[in-house]
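To start, the structure under review is shown below, and the notes come after it.
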Amino acid sequence: MKSVQFHGHGGHDVIQYDEIPDPTPGADEVKIDVKAAALNHLDVWTRRGMPGIDLEMPHTPGSDAAGVVVEAGENVERFEQNDRVAVSAGVACGRCEFCRDGEESMCVRYQIIGEHRPGVHAEYATVPADNLVPVPEGVDWAVAGSASLVFQTAWRMLVTRADLSPTDSVLVLGASGGVGHAAVQIADHVADEVYATASSEEKLGYAADCGADHVIDYTETNYADEIRELTGKRGVDVVVDHVAGESWSDSLASLAKGGKLVTCGATAGGQPHTDVNRIFWNQLSVLGSTMATPGEADDALSLVWDGTFEPRIREVVPMSEAARGHEMLENREGFGKVVLKPDSEL
């Protein structure tokens, strides 16, 4: 079969589309015929190399995919041949104290498919049966293959960790990205008022189309100042910040007293300056969040399957051109998800 691979860390030029042996599922695994697989910024970071993660090379990247079951291991009961499925990338041990409490995304041995273990950007992939979600008939493969990681991540951030309520106001940073555009839609579905930042008129338009009531071009104005003005100096109840870096203090400054900042990443830098005085005086909460539990993933994806939420597709790219897809993400071209399809499916 054909598979996206890299033999060493580096720029997008290290990506190849290689012929490799077909995978064989283990007793608890399922082999799927991949119909569509989305790119995430996680794929870019994994390719570049991240501290503490020592990958066996060559490595197949990819955390998002959907397809058809072609073979199930002998212990698998949930799925059978020809079932339509999507991959949920978080792999938990099932044995530690957090797993036993139903908090699989806090597992002490937690891994992510495509980051810590071989990914799914290939014609065929084997994944644990516990990491598959049924996909109803009629759901487009590009949608099924691009929704899981970002919508489950945004769902846990807002619904579980921030405990979002219908009276809350929410600010979403980076609303043109994968997690950002999912967070805008979830916030619009649950909360009262949604604010969003992006870097161009086109991206602001997309954010508004996803459900943002107010959009702010952070390249033209300080978004914390804009939030204070738009809210009568009150601030918002929740800030979704997966950026960090130099803007972290502005995110804290955008919060109302008792507000919550929830984060799942730090694309602009993981060691930001923070205003501790503001945190204790305004009694703010800073909440971390990673991926989701299986139940949270099911809840989020059920609302994708019924059309309530929609992963916006930037472009569908042949899997042999995965390097171009990586380049699009790195150059921040466009809005929404880049979807890879095996060349054999085009």
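So you can find residues: chains in the structure tokens are A, B, ... in the order shown, residues in each start at 1, and ligands are numbered from 1 in order.
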*Near A:Glu330, counting only C-alpha atoms, which residues have an atom at most 9 Å away, once you skip same-chain residues fewer than 5 positions from it, shown as a VMD selection string?*
chain A and resid 41 44 325
Export of prior selection with N, CA, C and O atoms as a PDB file, in the first residue's frame:
```pdb
ATOM      1  N   HIS A  41      -2.259  20.781  12.850  1.00  0.00           N
ATOM      2  CA  HIS A  41      -0.951  21.357  13.185  1.00  0.00           C
ATOM      3  C   HIS A  41      -0.096  20.373  13.970  1.00  0.00           C
ATOM      4  O   HIS A  41       1.135  20.450  13.923  1.00  0.00           O
ATOM      5  N   VAL A  44       2.385  18.819  11.759  1.00  0.00           N
ATOM      6  CA  VAL A  44       3.527  19.683  11.474  1.00  0.00           C
ATOM      7  C   VAL A  44       4.544  19.607  12.612  1.00  0.00           C
ATOM      8  O   VAL A  44       5.748  19.442  12.390  1.00  0.00           O
ATOM      9  N   GLY A 325       0.148  20.064   1.557  1.00  0.00           N
ATOM     10  CA  GLY A 325      -0.798  20.308   2.636  1.00  0.00           C
ATOM     11  C   GLY A 325      -0.117  20.822   3.890  1.00  0.00           C
ATOM     12  O   GLY A 325      -0.601  21.760   4.541  1.00  0.00           O
TER      13      GLY A 325
END
```
Each stretch 109-179 of chain A residue no farther than 10 Å from stretch 8-24 of chain A, nearest pair in Å, only C-alpha atoms, as a Markdown table:
```
| residue | atom | partner | partner_atom | distance |
| --- | --- | --- | --- | --- |
| A:His121 | CA | A:Tyr17 | CA | 9.7 |
| A:Ala122 | CA | A:Tyr17 | CA | 8.7 |
| A:Glu123 | CA | A:Asp22 | CA | 8.8 |
| A:Tyr124 | CA | A:Asp22 | CA | 7.0 |
| A:Ala125 | CA | A:Pro23 | CA | 6.6 |
| A:Thr126 | CA | A:Pro23 | CA | 6.4 |
```
*asked:* Give me the residues near A:Val238 as an MDAnalysis selection string, where near means some atom within 8 Å (using only C-alpha atoms) and where sequence neighbours in that chain fewer than 6 positions away do not count.
replied: chainID A and resid 162 164 168:171 255 259:262
Could those selected residues go to a file with N, CA and C atoms, as an mmCIF file, in the first residue's frame?
```
data_model
loop_
_atom_site.group_PDB
_atom_site.id
_atom_site.type_symbol
_atom_site.label_atom_id
_atom_site.label_comp_id
_atom_site.auth_asym_id
_atom_site.auth_seq_id
_atom_site.Cartn_x
_atom_site.Cartn_y
_atom_site.Cartn_z
ATOM 1 N N ALA A 162 -14.430 24.171 30.944
ATOM 2 C CA ALA A 162 -14.922 25.514 31.256
ATOM 3 C C ALA A 162 -16.360 25.507 31.756
ATOM 4 N N LEU A 164 -19.243 25.513 30.267
ATOM 5 C CA LEU A 164 -19.915 26.619 29.598
ATOM 6 C C LEU A 164 -21.421 26.585 29.849
ATOM 7 N N ASP A 168 -23.154 32.510 29.322
ATOM 8 C CA ASP A 168 -21.748 32.902 29.235
ATOM 9 C C ASP A 168 -21.428 33.613 27.927
ATOM 10 N N SER A 169 -20.388 34.437 27.989
ATOM 11 C CA SER A 169 -19.776 35.016 26.791
ATOM 12 C C SER A 169 -18.401 34.395 26.623
ATOM 13 N N VAL A 170 -17.993 34.203 25.350
ATOM 14 C CA VAL A 170 -16.772 33.453 25.046
ATOM 15 C C VAL A 170 -15.946 34.209 24.017
ATOM 16 N N LEU A 171 -14.635 34.250 24.229
ATOM 17 C CA LEU A 171 -13.684 34.750 23.235
ATOM 18 C C LEU A 171 -12.854 33.578 22.744
ATOM 19 N N LEU A 255 -10.693 38.704 30.408
ATOM 20 C CA LEU A 255 -11.643 37.983 31.244
ATOM 21 C C LEU A 255 -12.352 38.881 32.248
ATOM 22 N N GLY A 259 -13.569 34.814 35.671
ATOM 23 C CA GLY A 259 -13.556 34.186 34.352
ATOM 24 C C GLY A 259 -12.583 33.024 34.259
ATOM 25 N N LYS A 260 -12.696 32.306 33.144
ATOM 26 C CA LYS A 260 -11.896 31.095 32.940
ATOM 27 C C LYS A 260 -11.149 31.178 31.617
ATOM 28 N N LEU A 261 -9.850 30.925 31.673
ATOM 29 C CA LEU A 261 -9.049 30.774 30.465
ATOM 30 C C LEU A 261 -8.773 29.287 30.300
ATOM 31 N N VAL A 262 -9.155 28.717 29.156
ATOM 32 C CA VAL A 262 -8.930 27.299 28.908
ATOM 33 C C VAL A 262 -8.013 27.154 27.705
#
```
Stretch 243-338 of chain A near stretch 112-119 of chain A within 12 Å: what's each residue's closest atom pair and its distance in Å to one decimal, counting only C-alpha atoms, ordered by chain then ascending residue number, as CSV?
```
residue,atom,partner,partner_atom,distance
A:Thr290,CA,A:Ile112,CA,10.4
A:Met291,CA,A:Ile112,CA,9.0
A:Ala292,CA,A:Ile112,CA,11.3
```
_alpha helix (DSSP H) call set, DSSP backbone run, stretch 46-211 of chain A, as a ChimeraX atom specification_ = /A:46-48,97-100,141-144,148-155,178-190,201-210
*Can you tell me, as a ChimeraX atom specification, what residues are no more than 12 Å from A:Leu303 when counting only C-alpha atoms, ignoring any on the same chain fewer than 2 positions away?*
/A:135-136,139,144,147-148,151-152,155,182,185-186,189,296-301,305-311
Please write the residues from the selection above to a file, keeping N, CA and C atoms, as a PDB file, in the first residue's frame.
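Contents of the output file selection-v9.pdb:
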```pdb
ATOM      1  N   VAL A 135     -19.654   5.951  11.856  1.00  0.00           N
ATOM      2  CA  VAL A 135     -20.047   7.071  10.998  1.00  0.00           C
ATOM      3  C   VAL A 135     -21.319   6.683  10.249  1.00  0.00           C
ATOM      4  N   PRO A 136     -22.395   7.438  10.396  1.00  0.00           N
ATOM      5  CA  PRO A 136     -23.639   7.087   9.716  1.00  0.00           C
ATOM      6  C   PRO A 136     -23.517   7.195   8.198  1.00  0.00           C
ATOM      7  N   VAL A 139     -22.899  10.663   5.667  1.00  0.00           N
ATOM      8  CA  VAL A 139     -21.888  11.634   6.088  1.00  0.00           C
ATOM      9  C   VAL A 139     -20.732  11.585   5.100  1.00  0.00           C
ATOM     10  N   ALA A 144     -16.190  13.287   7.714  1.00  0.00           N
ATOM     11  CA  ALA A 144     -15.897  12.253   8.710  1.00  0.00           C
ATOM     12  C   ALA A 144     -14.413  12.170   9.034  1.00  0.00           C
ATOM     13  N   ALA A 147     -13.167  15.748  11.327  1.00  0.00           N
ATOM     14  CA  ALA A 147     -13.883  16.337  12.456  1.00  0.00           C
ATOM     15  C   ALA A 147     -13.355  15.924  13.818  1.00  0.00           C
ATOM     16  N   SER A 148     -12.831  14.716  13.939  1.00  0.00           N
ATOM     17  CA  SER A 148     -12.662  14.110  15.262  1.00  0.00           C
ATOM     18  C   SER A 148     -11.744  14.893  16.183  1.00  0.00           C
ATOM     19  N   PHE A 151     -12.967  18.771  16.989  1.00  0.00           N
ATOM     20  CA  PHE A 151     -14.248  18.950  17.660  1.00  0.00           C
ATOM     21  C   PHE A 151     -14.260  18.317  19.046  1.00  0.00           C
ATOM     22  N   GLN A 152     -13.604  17.163  19.213  1.00  0.00           N
ATOM     23  CA  GLN A 152     -13.571  16.598  20.560  1.00  0.00           C
ATOM     24  C   GLN A 152     -12.711  17.456  21.476  1.00  0.00           C
ATOM     25  N   TRP A 155     -14.715  20.552  22.327  1.00  0.00           N
ATOM     26  CA  TRP A 155     -15.852  20.178  23.174  1.00  0.00           C
ATOM     27  C   TRP A 155     -15.416  20.020  24.628  1.00  0.00           C
ATOM     28  N   ALA A 182     -13.860  25.058  15.359  1.00  0.00           N
ATOM     29  CA  ALA A 182     -14.728  24.147  16.095  1.00  0.00           C
ATOM     30  C   ALA A 182     -15.219  24.807  17.383  1.00  0.00           C
ATOM     31  N   GLN A 185     -18.074  27.280  16.810  1.00  0.00           N
ATOM     32  CA  GLN A 185     -19.362  26.627  16.591  1.00  0.00           C
ATOM     33  C   GLN A 185     -19.946  26.075  17.889  1.00  0.00           C
ATOM     34  N   ILE A 186     -19.114  25.473  18.719  1.00  0.00           N
ATOM     35  CA  ILE A 186     -19.598  24.933  19.992  1.00  0.00           C
ATOM     36  C   ILE A 186     -20.034  26.061  20.916  1.00  0.00           C
ATOM     37  N   HIS A 189     -23.301  27.315  19.878  1.00  0.00           N
ATOM     38  CA  HIS A 189     -24.349  26.337  20.188  1.00  0.00           C
ATOM     39  C   HIS A 189     -24.767  26.394  21.650  1.00  0.00           C
ATOM     40  N   GLU A 296     -17.045  12.042  25.519  1.00  0.00           N
ATOM     41  CA  GLU A 296     -17.045  13.419  25.010  1.00  0.00           C
ATOM     42  C   GLU A 296     -16.878  13.433  23.496  1.00  0.00           C
ATOM     43  N   ALA A 297     -16.009  12.553  22.983  1.00  0.00           N
ATOM     44  CA  ALA A 297     -15.834  12.463  21.538  1.00  0.00           C
ATOM     45  C   ALA A 297     -17.138  12.043  20.867  1.00  0.00           C
ATOM     46  N   ASP A 298     -17.822  11.055  21.450  1.00  0.00           N
ATOM     47  CA  ASP A 298     -19.107  10.620  20.897  1.00  0.00           C
ATOM     48  C   ASP A 298     -20.115  11.768  20.878  1.00  0.00           C
ATOM     49  N   ASP A 299     -20.180  12.524  21.967  1.00  0.00           N
ATOM     50  CA  ASP A 299     -21.136  13.629  22.057  1.00  0.00           C
ATOM     51  C   ASP A 299     -20.859  14.695  20.995  1.00  0.00           C
ATOM     52  N   ALA A 300     -19.583  15.067  20.870  1.00  0.00           N
ATOM     53  CA  ALA A 300     -19.228  16.099  19.897  1.00  0.00           C
ATOM     54  C   ALA A 300     -19.493  15.634  18.472  1.00  0.00           C
ATOM     55  N   LEU A 301     -19.071  14.404  18.162  1.00  0.00           N
ATOM     56  CA  LEU A 301     -19.195  13.925  16.787  1.00  0.00           C
ATOM     57  C   LEU A 301     -20.640  13.637  16.403  1.00  0.00           C
ATOM     58  N   TRP A 305     -22.230  14.653  12.869  1.00  0.00           N
ATOM     59  CA  TRP A 305     -22.939  13.743  11.973  1.00  0.00           C
ATOM     60  C   TRP A 305     -24.345  14.248  11.636  1.00  0.00           C
ATOM     61  N   ASP A 306     -25.009  14.925  12.592  1.00  0.00           N
ATOM     62  CA  ASP A 306     -26.370  15.402  12.288  1.00  0.00           C
ATOM     63  C   ASP A 306     -26.400  16.792  11.654  1.00  0.00           C
ATOM     64  N   GLY A 307     -25.211  17.374  11.420  1.00  0.00           N
ATOM     65  CA  GLY A 307     -25.132  18.648  10.717  1.00  0.00           C
ATOM     66  C   GLY A 307     -25.157  19.880  11.597  1.00  0.00           C
ATOM     67  N   THR A 308     -25.269  19.707  12.926  1.00  0.00           N
ATOM     68  CA  THR A 308     -25.246  20.866  13.824  1.00  0.00           C
ATOM     69  C   THR A 308     -23.911  21.595  13.716  1.00  0.00           C
ATOM     70  N   PHE A 309     -22.818  20.836  13.731  1.00  0.00           N
ATOM     71  CA  PHE A 309     -21.479  21.385  13.530  1.00  0.00           C
ATOM     72  C   PHE A 309     -20.953  20.933  12.179  1.00  0.00           C
ATOM     73  N   GLU A 310     -20.053  21.731  11.632  1.00  0.00           N
ATOM     74  CA  GLU A 310     -19.508  21.418  10.302  1.00  0.00           C
ATOM     75  C   GLU A 310     -18.027  21.736  10.239  1.00  0.00           C
ATOM     76  N   PRO A 311     -17.177  20.718  10.061  1.00  0.00           N
ATOM     77  CA  PRO A 311     -15.763  21.028   9.814  1.00  0.00           C
ATOM     78  C   PRO A 311     -15.636  21.693   8.446  1.00  0.00           C
TER      79      PRO A 311
END
```
*Figure out the distance between atom CA of A:His7 and atom CA of A:Leu55, please, to one decimal in Å.*
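Spanning atom CA of A:Leu55 to atom CA of A:His7 is a straight-line distance of 9.9 Å.
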*asked:* Env of A:Thr197: 9 Å cut, atoms = only C-alpha atoms, seq-sep filter 3 positions within chain, self excluded. Answer as a list of chain:residue names.
replied: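 These residues fall inside the cut-off: A:Leu171, A:Val172, A:Leu173, A:Gly174, A:Ala175, A:Ser176, A:Lys203, A:Leu204, A:Ala207, A:His214, A:Val215, A:Ile216, A:Asp217, A:Tyr218, A:Tyr223.
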*Hey, what's within 8 Å of stretch 244-253 of chain A if we count only C-alpha atoms and toss same-chain stuff fewer than 3 positions away? As an MDAnalysis selection string, please?*
chainID A and resid 222:224 235 239 241 261 265:275 278:279
*Suppose you want the space between atom CA of A:Asp209 and atom CA of A:Ile227; what is it in Å?*
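Result for atom CA of A:Asp209 versus atom CA of A:Ile227: 19.7 Å, one decimal.
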